[in-house]
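Asker: Next up, data16.cif (mmCIF, C-alpha atoms and all ligand atoms).
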data_query
loop_
_atom_site.group_PDB
_atom_site.id
_atom_site.type_symbol
_atom_site.label_atom_id
_atom_site.label_comp_id
_atom_site.auth_asym_id
_atom_site.auth_seq_id
_atom_site.Cartn_x
_atom_site.Cartn_y
_atom_site.Cartn_z
ATOM 1 C CA MET A 1 0.000 0.000 0.000
ATOM 2 C CA THR A 2 1.109 3.574 -0.616
ATOM 3 C CA LEU A 3 1.002 6.313 2.027
ATOM 4 C CA SER A 4 -2.038 7.949 0.427
ATOM 5 C CA GLU A 5 -3.877 4.619 0.203
ATOM 6 C CA LEU A 6 -3.157 4.043 3.878
ATOM 7 C CA GLN A 7 -4.370 7.544 4.718
ATOM 8 C CA LYS A 8 -7.638 6.959 2.825
ATOM 9 C CA LYS A 9 -8.110 3.595 4.527
ATOM 10 C CA GLY A 10 -7.532 5.205 7.949
ATOM 11 C CA GLU A 11 -10.004 7.971 7.150
ATOM 12 C CA SER A 12 -12.692 5.533 6.111
ATOM 13 C CA VAL A 13 -12.252 3.295 9.224
ATOM 14 C CA LEU A 14 -12.406 6.324 11.520
ATOM 15 C CA ARG A 15 -15.376 7.859 9.691
ATOM 16 C CA GLU A 16 -17.322 4.601 9.969
ATOM 17 C CA ALA A 17 -16.493 4.445 13.675
ATOM 18 C CA GLY A 18 -18.062 7.913 14.079
ATOM 19 C CA VAL A 19 -14.849 9.865 14.732
ATOM 20 C CA GLU A 20 -15.865 13.443 13.964
ATOM 21 C CA ASN A 21 -12.438 14.757 13.009
ATOM 22 C CA TYR A 22 -11.566 11.593 11.026
ATOM 23 C CA SER A 23 -9.555 13.277 8.289
ATOM 24 C CA ASN A 24 -7.134 15.164 10.564
ATOM 25 C CA GLU A 25 -6.894 12.273 12.986
ATOM 26 C CA ALA A 26 -5.977 9.801 10.219
ATOM 27 C CA ARG A 27 -3.257 12.202 9.078
ATOM 28 C CA TRP A 28 -1.898 12.728 12.613
ATOM 29 C CA LEU A 29 -1.767 8.970 13.193
ATOM 30 C CA LEU A 30 -0.001 8.481 9.857
ATOM 31 C CA GLU A 31 2.512 11.195 10.733
ATOM 32 C CA SER A 32 3.130 9.553 14.089
ATOM 33 C CA ALA A 33 3.429 5.970 12.758
ATOM 34 C CA PHE A 34 5.847 7.010 9.999
ATOM 35 C CA GLY A 35 7.651 9.752 11.911
ATOM 36 C CA ILE A 36 7.040 12.272 9.120
ATOM 37 C CA ASN A 37 5.158 15.548 8.706
ATOM 38 C CA SER A 38 2.207 16.363 6.445
ATOM 39 C CA SER A 39 4.325 17.746 3.597
ATOM 40 C CA ALA A 40 6.349 14.506 3.498
ATOM 41 C CA ILE A 41 3.055 12.594 3.229
ATOM 42 C CA LEU A 42 2.063 14.758 0.261
ATOM 43 C CA LEU A 43 5.480 14.452 -1.385
ATOM 44 C CA ASN A 44 5.758 10.666 -0.929
ATOM 45 C CA GLY A 45 2.061 9.811 -1.153
ATOM 46 C CA SER A 46 2.437 7.440 -4.078
ATOM 47 C CA SER A 47 5.539 5.580 -2.779
ATOM 48 C CA PRO A 48 5.048 2.113 -1.282
ATOM 49 C CA ALA A 49 4.917 2.338 2.515
ATOM 50 C CA ASP A 50 7.174 0.401 4.897
ATOM 51 C CA VAL A 51 5.203 -2.710 5.879
ATOM 52 C CA ASP A 52 5.898 -2.619 9.645
ATOM 53 C CA LYS A 53 5.062 1.083 9.892
ATOM 54 C CA ALA A 54 1.906 0.515 7.859
ATOM 55 C CA GLU A 55 0.826 -2.266 10.252
ATOM 56 C CA ASN A 56 1.566 -0.007 13.205
ATOM 57 C CA PHE A 57 -0.550 2.754 11.624
ATOM 58 C CA LEU A 58 -3.476 0.392 11.010
ATOM 59 C CA SER A 59 -3.337 -0.881 14.572
ATOM 60 C CA MET A 60 -3.381 2.749 15.854
ATOM 61 C CA VAL A 61 -6.409 3.392 13.638
ATOM 62 C CA ARG A 62 -8.159 0.322 15.078
ATOM 63 C CA GLU A 63 -7.469 1.508 18.630
ATOM 64 C CA ARG A 64 -8.876 4.913 17.791
ATOM 65 C CA ALA A 65 -11.941 3.375 16.158
ATOM 66 C CA GLY A 66 -12.402 1.415 19.396
ATOM 67 C CA GLY A 67 -12.669 4.657 21.362
ATOM 68 C CA ARG A 68 -9.160 5.124 22.771
ATOM 69 C CA PRO A 69 -8.416 8.855 22.933
ATOM 70 C CA LEU A 70 -6.209 10.068 20.089
ATOM 71 C CA GLN A 71 -3.831 11.746 22.544
ATOM 72 C CA TYR A 72 -3.164 8.482 24.386
ATOM 73 C CA ILE A 73 -2.443 6.695 21.101
ATOM 74 C CA LEU A 74 -0.044 9.423 19.999
ATOM 75 C CA GLY A 75 1.469 9.440 23.510
ATOM 76 C CA ARG A 76 1.921 13.195 23.431
ATOM 77 C CA TRP A 77 -0.140 16.358 23.176
ATOM 78 C CA ASP A 78 0.542 20.016 22.642
ATOM 79 C CA PHE A 79 -0.078 22.560 25.398
ATOM 80 C CA TYR A 80 0.947 26.203 25.140
ATOM 81 C CA GLY A 81 3.294 25.358 22.265
ATOM 82 C CA ARG A 82 5.135 22.534 24.008
ATOM 83 C CA GLU A 83 4.685 18.781 23.769
ATOM 84 C CA PHE A 84 3.679 16.838 26.876
ATOM 85 C CA ALA A 85 3.808 13.062 27.268
ATOM 86 C CA VAL A 86 0.340 11.674 28.003
ATOM 87 C CA GLY A 87 -1.220 8.244 28.390
ATOM 88 C CA GLU A 88 -3.660 6.264 30.515
ATOM 89 C CA GLY A 89 -3.428 7.516 34.088
ATOM 90 C CA VAL A 90 -3.070 11.217 33.337
ATOM 91 C CA LEU A 91 -5.565 13.868 32.229
ATOM 92 C CA ILE A 92 -5.139 15.098 28.656
ATOM 93 C CA PRO A 93 -4.263 18.830 28.728
ATOM 94 C CA ARG A 94 -7.196 20.934 27.493
ATOM 95 C CA PRO A 95 -6.962 24.154 25.465
ATOM 96 C CA GLU A 96 -9.055 26.159 27.972
ATOM 97 C CA THR A 97 -6.487 25.360 30.677
ATOM 98 C CA GLU A 98 -3.980 27.509 28.763
ATOM 99 C CA MET A 99 -5.872 30.473 30.265
ATOM 100 C CA LEU A 100 -4.390 29.594 33.662
ATOM 101 C CA VAL A 101 -0.929 30.029 32.173
ATOM 102 C CA ASP A 102 -1.971 33.351 30.582
ATOM 103 C CA CYS A 103 -3.135 34.553 34.026
ATOM 104 C CA ALA A 104 0.135 33.490 35.610
ATOM 105 C CA LEU A 105 2.323 35.141 32.981
ATOM 106 C CA GLU A 106 0.340 38.359 33.187
ATOM 107 C CA TYR A 107 0.424 38.492 36.986
ATOM 108 C CA LEU A 108 4.053 37.445 37.370
ATOM 109 C CA ARG A 109 5.482 39.664 34.621
ATOM 110 C CA GLY A 110 8.074 41.997 36.116
ATOM 111 C CA ARG A 111 8.313 40.155 39.458
ATOM 112 C CA ASN A 112 11.726 38.833 40.397
ATOM 113 C CA ASN A 113 12.196 35.166 41.268
ATOM 114 C CA PRO A 114 8.522 34.449 41.901
ATOM 115 C CA THR A 115 7.484 31.302 43.705
ATOM 116 C CA VAL A 116 4.498 29.533 42.159
ATOM 117 C CA ILE A 117 2.503 26.487 43.282
ATOM 118 C CA ASP A 118 0.510 24.270 40.895
ATOM 119 C CA LEU A 119 -1.922 22.100 42.881
ATOM 120 C CA CYS A 120 -3.278 18.897 41.275
ATOM 121 C CA ALA A 121 -0.576 19.095 38.639
ATOM 122 C CA GLY A 122 -1.290 15.943 36.552
ATOM 123 C CA SER A 123 0.883 16.042 33.413
ATOM 124 C CA GLY A 124 2.378 19.279 34.732
ATOM 125 C CA CYS A 125 1.078 21.215 31.752
ATOM 126 C CA VAL A 126 0.284 24.303 33.848
ATOM 127 C CA GLY A 127 3.185 24.459 36.304
ATOM 128 C CA LEU A 128 5.895 23.182 33.972
ATOM 129 C CA THR A 129 4.818 25.669 31.291
ATOM 130 C CA VAL A 130 5.085 28.508 33.807
ATOM 131 C CA ALA A 131 8.511 27.202 34.852
ATOM 132 C CA ALA A 132 9.624 27.148 31.198
ATOM 133 C CA GLU A 133 8.159 30.580 30.403
ATOM 134 C CA ILE A 134 9.591 32.250 33.535
ATOM 135 C CA PRO A 135 13.072 30.783 33.998
ATOM 136 C CA ASP A 136 13.775 32.768 37.185
ATOM 137 C CA SER A 137 10.641 31.396 38.875
ATOM 138 C CA GLU A 138 10.543 28.434 41.210
ATOM 139 C CA VAL A 139 7.478 26.282 40.621
ATOM 140 C CA TYR A 140 6.232 23.619 43.061
ATOM 141 C CA LEU A 141 3.916 21.039 41.504
ATOM 142 C CA VAL A 142 1.744 18.852 43.755
ATOM 143 C CA GLU A 143 0.226 15.578 42.537
ATOM 144 C CA LYS A 144 -1.091 12.661 44.578
ATOM 145 C CA TYR A 145 -1.389 9.703 42.230
ATOM 146 C CA ASP A 146 1.462 7.418 41.103
ATOM 147 C CA GLU A 147 0.601 7.176 37.415
ATOM 148 C CA ALA A 148 0.099 10.912 36.987
ATOM 149 C CA PHE A 149 3.252 11.584 39.004
ATOM 150 C CA GLU A 150 5.272 9.418 36.592
ATOM 151 C CA TYR A 151 4.081 11.616 33.707
ATOM 152 C CA LEU A 152 4.948 14.698 35.741
ATOM 153 C CA LYS A 153 8.529 13.474 36.153
ATOM 154 C CA ARG A 154 8.746 12.556 32.467
ATOM 155 C CA ASN A 155 7.434 15.924 31.337
ATOM 156 C CA LYS A 156 9.806 17.824 33.595
ATOM 157 C CA GLU A 157 12.620 16.004 31.796
ATOM 158 C CA LEU A 158 11.059 16.501 28.351
ATOM 159 C CA LEU A 159 10.747 20.249 28.890
ATOM 160 C CA GLY A 160 14.245 20.396 30.362
ATOM 161 C CA VAL A 161 13.234 22.735 33.189
ATOM 162 C CA ASN A 162 15.347 22.801 36.339
ATOM 163 C CA ASN A 163 13.251 25.325 38.272
ATOM 164 C CA ALA A 164 10.386 22.913 39.009
ATOM 165 C CA VAL A 165 10.043 20.946 42.239
ATOM 166 C CA LEU A 166 7.744 17.910 42.127
ATOM 167 C CA ILE A 167 5.876 17.031 45.324
ATOM 168 C CA LYS A 168 3.943 13.778 45.673
ATOM 169 C CA ALA A 169 1.259 14.724 48.164
ATOM 170 C CA ASP A 170 -2.456 14.996 48.857
ATOM 171 C CA VAL A 171 -3.958 18.461 48.420
ATOM 172 C CA LEU A 172 -6.858 17.429 50.686
ATOM 173 C CA ASP A 173 -4.480 16.552 53.528
ATOM 174 C CA SER A 174 -4.818 19.305 56.126
ATOM 175 C CA GLY A 175 -1.214 18.657 57.183
ATOM 176 C CA LEU A 176 0.225 19.507 53.735
ATOM 177 C CA VAL A 177 3.183 21.869 54.085
ATOM 178 C CA LEU A 178 4.136 24.143 51.189
ATOM 179 C CA PRO A 179 6.468 27.096 50.676
ATOM 180 C CA LYS A 180 5.126 30.667 50.718
ATOM 181 C CA ALA A 181 4.158 31.557 47.173
ATOM 182 C CA ASP A 182 3.497 34.610 45.030
ATOM 183 C CA MET A 183 0.877 32.704 43.098
ATOM 184 C CA ILE A 184 -1.150 29.525 43.401
ATOM 185 C CA LEU A 185 -2.596 27.886 40.296
ATOM 186 C CA SER A 186 -4.840 24.864 40.046
ATOM 187 C CA ASN A 187 -6.977 22.895 37.672
ATOM 188 C CA PRO A 188 -8.350 20.414 40.197
ATOM 189 C CA PRO A 189 -10.942 17.660 39.705
ATOM 190 C CA TYR A 190 -14.321 19.420 39.541
ATOM 191 C CA ILE A 191 -17.007 17.004 38.327
ATOM 192 C CA ARG A 192 -19.828 16.103 40.721
ATOM 193 C CA SER A 193 -19.697 12.361 41.511
ATOM 194 C CA GLY A 194 -23.286 11.945 40.321
ATOM 195 C CA GLU A 195 -22.436 13.401 36.881
ATOM 196 C CA ILE A 196 -19.558 11.013 36.182
ATOM 197 C CA PRO A 197 -21.687 8.253 34.583
ATOM 198 C CA SER A 198 -23.123 10.714 32.042
ATOM 199 C CA LEU A 199 -19.716 11.918 30.779
ATOM 200 C CA GLN A 200 -18.708 11.133 27.172
ATOM 201 C CA ALA A 201 -17.305 7.615 26.824
ATOM 202 C CA GLU A 202 -13.951 9.038 25.726
ATOM 203 C CA VAL A 203 -13.651 11.250 28.821
ATOM 204 C CA LEU A 204 -14.315 8.149 30.932
ATOM 205 C CA ARG A 205 -11.065 6.692 29.526
ATOM 206 C CA GLU A 206 -9.289 9.391 31.560
ATOM 207 C CA PRO A 207 -8.563 8.707 35.239
ATOM 208 C CA LEU A 208 -11.570 9.081 37.547
ATOM 209 C CA THR A 209 -9.198 10.491 40.138
ATOM 210 C CA ALA A 210 -8.636 13.474 37.808
ATOM 211 C CA LEU A 211 -12.364 14.127 37.443
ATOM 212 C CA ASP A 212 -14.332 13.189 40.565
ATOM 213 C CA ALA A 213 -14.717 16.033 43.041
ATOM 214 C CA GLY A 214 -17.276 14.656 45.457
ATOM 215 C CA GLU A 215 -20.979 15.186 45.863
ATOM 216 C CA ASP A 216 -21.086 18.902 45.014
ATOM 217 C CA GLY A 217 -17.937 19.037 42.830
ATOM 218 C CA LEU A 218 -16.361 21.642 45.102
ATOM 219 C CA VAL A 219 -14.335 19.618 47.597
ATOM 220 C CA PHE A 220 -10.982 20.642 46.087
ATOM 221 C CA TYR A 221 -11.801 24.361 46.010
ATOM 222 C CA ARG A 222 -12.458 24.336 49.769
ATOM 223 C CA ALA A 223 -9.054 22.769 50.405
ATOM 224 C CA ILE A 224 -7.363 25.075 47.886
ATOM 225 C CA ALA A 225 -8.942 28.148 49.532
ATOM 226 C CA LYS A 226 -7.342 27.134 52.840
ATOM 227 C CA LEU A 227 -3.965 26.627 51.148
ATOM 228 C CA ILE A 228 -4.252 30.033 49.457
ATOM 229 C CA ARG A 229 -4.929 31.723 52.807
ATOM 230 C CA LYS A 230 -2.032 29.899 54.413
ATOM 231 C CA TYR A 231 0.630 30.079 51.731
ATOM 232 C CA CYS A 232 -0.171 32.685 49.090
ATOM 233 C CA SER A 233 0.870 36.306 49.395
ATOM 234 C CA GLY A 234 -0.179 37.336 45.898
ATOM 235 C CA ALA A 235 -2.831 35.992 43.561
ATOM 236 C CA ALA A 236 -4.442 32.665 42.789
ATOM 237 C CA ALA A 237 -6.184 31.373 39.695
ATOM 238 C CA VAL A 238 -8.173 28.158 39.449
ATOM 239 C CA GLU A 239 -10.032 26.501 36.629
ATOM 240 C CA CYS A 240 -13.626 25.409 37.227
ATOM 241 C CA GLY A 241 -16.475 23.652 35.449
ATOM 242 C CA GLU A 242 -19.489 25.177 33.743
ATOM 243 C CA ASN A 243 -21.837 26.880 36.249
ATOM 244 C CA GLN A 244 -19.340 26.568 39.108
ATOM 245 C CA ALA A 245 -17.652 29.986 38.926
ATOM 246 C CA GLU A 246 -20.031 31.713 41.357
ATOM 247 C CA ASP A 247 -19.677 29.001 43.995
ATOM 248 C CA VAL A 248 -15.925 28.847 43.535
ATOM 249 C CA ALA A 249 -15.613 32.642 43.780
ATOM 250 C CA ALA A 250 -17.625 32.555 47.021
ATOM 251 C CA ILE A 251 -15.322 29.861 48.416
ATOM 252 C CA LEU A 252 -12.117 31.703 47.452
ATOM 253 C CA GLY A 253 -13.380 35.164 48.428
ATOM 254 C CA ASN A 254 -12.658 38.502 46.732
ATOM 255 C CA ALA A 255 -12.691 36.792 43.366
ATOM 256 C CA HIS A 256 -13.822 37.349 39.810
ATOM 257 C CA SER A 257 -14.124 35.012 36.871
ATOM 258 C CA LEU A 258 -12.823 34.992 33.304
ATOM 259 C CA ARG A 259 -14.656 33.517 30.326
ATOM 260 C CA ASP A 260 -13.173 30.973 27.961
ATOM 261 C CA PHE A 261 -13.560 30.903 24.152
ATOM 262 C CA ASN A 262 -16.986 29.260 24.582
ATOM 263 C CA SER A 263 -18.133 32.123 26.848
ATOM 264 C CA ILE A 264 -18.114 29.840 29.891
ATOM 265 C CA ASP A 265 -16.905 31.357 33.177
ATOM 266 C CA ARG A 266 -13.869 29.110 33.393
ATOM 267 C CA ILE A 267 -11.149 30.693 35.505
ATOM 268 C CA VAL A 268 -11.659 32.207 38.958
ATOM 269 C CA VAL A 269 -9.017 34.677 40.069
ATOM 270 C CA THR A 270 -8.504 36.035 43.540
ATOM 271 C CA GLU A 271 -6.015 38.721 44.416
ATOM 272 C CA GLY A 272 -5.316 40.569 47.657
ATOM 273 C CA GLU A 273 -7.595 41.160 50.645
ATOM 274 C CA ASN A 274 -7.737 37.488 51.552
ATOM 275 C CA ASP A 275 -6.924 36.772 55.201
ATOM 276 C CA ALA A 276 -3.267 36.372 54.374
ATOM 277 C CA PHE A 277 -2.789 39.434 52.152
HETATM 278 C C1 LIG B 1 -8.348 17.864 36.417
HETATM 279 S S1 LIG B 1 -6.800 17.053 36.573
HETATM 280 C C2 LIG B 1 -5.725 18.392 36.078
HETATM 281 C C3 LIG B 1 -4.348 17.988 35.703
HETATM 282 C C4 LIG B 1 -3.512 19.144 35.132
HETATM 283 N N1 LIG B 1 -3.360 20.199 36.117
HETATM 284 C C5 LIG B 1 -4.160 19.702 33.881
HETATM 285 O O1 LIG B 1 -4.608 20.852 33.920
HETATM 286 O O2 LIG B 1 -4.209 19.011 32.860
HETATM 287 C C6 LIG B 1 -6.613 16.978 38.328
HETATM 288 C C7 LIG B 1 -5.349 16.299 38.849
HETATM 289 O O3 LIG B 1 -5.421 16.279 40.280
HETATM 290 C C8 LIG B 1 -4.879 15.066 40.743
HETATM 291 N N2 LIG B 1 -5.453 14.817 42.076
HETATM 292 C C9 LIG B 1 -6.648 14.265 42.385
HETATM 293 N N3 LIG B 1 -6.823 14.241 43.709
HETATM 294 C C10 LIG B 1 -5.722 14.800 44.255
HETATM 295 C C11 LIG B 1 -5.324 15.057 45.596
HETATM 296 N N4 LIG B 1 -6.106 14.738 46.624
HETATM 297 N N5 LIG B 1 -4.132 15.653 45.816
HETATM 298 C C12 LIG B 1 -3.316 15.979 44.758
HETATM 299 N N6 LIG B 1 -3.633 15.752 43.477
HETATM 300 C C13 LIG B 1 -4.824 15.171 43.214
HETATM 301 C C14 LIG B 1 -5.301 14.058 39.698
HETATM 302 O O4 LIG B 1 -4.493 12.904 39.753
HETATM 303 C C15 LIG B 1 -5.135 14.863 38.425
HETATM 304 O O5 LIG B 1 -3.835 14.719 37.932
#
Write out the structure in this file as structure tokens.

Answerer:
Amino acid sequence: MTLSELQKKGESVLREAGVENYSNEARWLLESAFGINSSAILLNGSSPADVDKAENFLSMVRERAGGRPLQYILGRWDFYGREFAVGEGVLIPRPETEMLVDCALEYLRGRNNPTVIDLCAGSGCVGLTVAAEIPDSEVYLVEKYDEAFEYLKRNKELLGVNNAVLIKADVLDSGLVLPKADMILSNPPYIRSGEIPSLQAEVLREPLTALDAGEDGLVFYRAIAKLIRKYCSGAAAVECGENQAEDVAAILGNAHSLRDFNSIDRIVVTEGENDAF
């Protein structure tokens, strides 16, 4: 088979399986299986494809058609212009979460040697990006679960940052000790337990521990609010789910929310006038 025949085959399998973005996804899988970019596919489309790579591509297509998230098959995903390793056991970085990084860069601009804490760090997409963007910062990333923590370590290495400190700990543990920080960031679990069964099948392939936030979906914000009061002398920004911003703002105090590209109040920011400021 040639590369373009393989691409067409991939597209048709994915389309039949109901994958909405079948054309792009077939191309991305082809690029990944053959280690080439889209212009090389165009240039070499009519050349016979390496048999082992072709088999690898077709098996990736089958996995995708079976509902495995594209990002887990590729094993990497882009966040804020950098590639992060991802796979089962870690949440896939979402585009709306990039707003947390925007908030951090805006707030920290012009501050010398800021200390930043990223709670519920997962892949590290938020905290490691801040560490890479602000080389004179020191960023502490807290993650509880083994599998996610392994990705955190891997991504710290991938990004080559040496100003990030990884802490394996429980954010809900009232005995958690952290350094004093200029800014606290977090994209914690925020789905109500009762809503979990109605999530899209693909989202349910992601770890429940990254999603489930108890009966009212707010358990992490209460713990984070306490940590902000105790350890943060500047500002904090947290991501939240649809229709949660008001409750989260009330929990954090002196807060306002920012809308994402779908006009959902997505990020809650609090600055100054908390007990500790
Ligand atoms: C919604 S995910 C966000 C991951 C990452 N910050 C991102 O934006 O992609 C929440 C993360 O919190 C971690 N987590 C869940 N419970 C935790 C706890 N009690 N203490 C620390 N981390 C926790 C999960 O393992 C998961 O990695």

Asker: May I have the residues within 9 Å of ligand LIG 1 (chain B), computed using all atoms listed in the file, as a PyMOL selection string?

Answerer: chain A and resi 89-94+97-98+100+118-127+142-149+168-173+185-191+207-213+220+239

Asker: Rank nothing, just name the residue among A:Asn24, A:Asn163, A:Ser233, A:Ser193 nearest to Gly214 (chain A), using all atoms listed in the file.

Answerer: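 Of the candidates, the smallest distance to Gly214 (chain A) is held by A:Ser193.
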
Asker: Counting all atoms listed in the file, which of A:Ala181, A:Val86, A:Leu152, A:Leu141 gets nearest to Val165 (chain A)?

Answerer: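 Residue with the minimum atom-to-atom distance to Val165 (chain A): A:Leu141.
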
Asker: Of the candidates A:Tyr221, A:Tyr80, A:Tyr107, A:Tyr140, which one gets nearest to Asn162 (chain A) if we count only C-alpha atoms?

Answerer: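 Once distances to Asn162 (chain A) are computed over only C-alpha atoms, the minimum belongs to A:Tyr140.
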
Asker: Could you check how far CA of Ser46 (chain A) sits from CA of Glu5 (chain A), in Å to one decimal?

Answerer: 8.1 Å

Asker: What is the CA of Thr115 (chain A) to CA of Met99 (chain A) distance in Å?

Answerer: 19.0 Å

Asker: Any chance you could resolve the PyMOL selection byres (((chain A and resi 104) around 8) and not hetatm) against this file and give the residues as a PyMOL selection string?

Answerer: chain A and resi 100-103+105-108+130+183+185+237

Asker: What is the distance between CA of Ser137 (chain A) and CA of Val161 (chain A), in Å to one decimal?

Answerer: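 Going from CA of Ser137 (chain A) over to CA of Val161 (chain A) covers 10.7 Å.
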
Asker: Given the choices A:Ile196, A:Ala54, A:Met60, A:Ile224, which gets closest to Ser174 (chain A) if the distance is worked out from all atoms listed in the file?

Answerer: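 Ranking A:Ile196, A:Ala54, A:Met60, A:Ile224 by distance to Ser174 (chain A), first place goes to A:Ile224.
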
Asker: Applied to this file, what does the PyMOL selection byres (((chain A and resi 4) around 9) and not hetatm) return in terms of residues, put as a count of residues only?

Answerer: 14

Asker: Quick one: everything within 10 Å of Gly66 (chain A), counting only C-alpha atoms, minus sequence neighbours fewer than 4 positions away in the same chain. Send it as JSON, numbers by chain.

Answerer: {"A": [14, 17, 19, 60, 61, 62]}

Asker: Keeping C-alpha atoms for every residue in the selection just given, could you write it to a file as a CSV table (one decimal), in the coordinates of the input?

Answerer:
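Output file selection.csv is given in full below:
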chain,number,residue,atom,x,y,z
A,14,LEU,CA,-12.4,6.3,11.5
A,17,ALA,CA,-16.5,4.4,13.7
A,19,VAL,CA,-14.8,9.9,14.7
A,60,MET,CA,-3.4,2.7,15.9
A,61,VAL,CA,-6.4,3.4,13.6
A,62,ARG,CA,-8.2,0.3,15.1

Asker: Using the chain letters and residue numbers of this document, give as a ChimeraX atom specification the residues selected by the PyMOL selection byres (((chain A and resi 159) around 10) and not hetatm).

Answerer: /A:82-84,128-129,131-132,154-158,160-162

Asker: Return the single residue from A:Leu204, A:Leu70, A:Leu258, A:Ile134 that is closest to Trp28 (chain A), with distances computed using all atoms listed in the file.

Answerer: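 Distance minimum relative to Trp28 (chain A) lands on A:Leu70.
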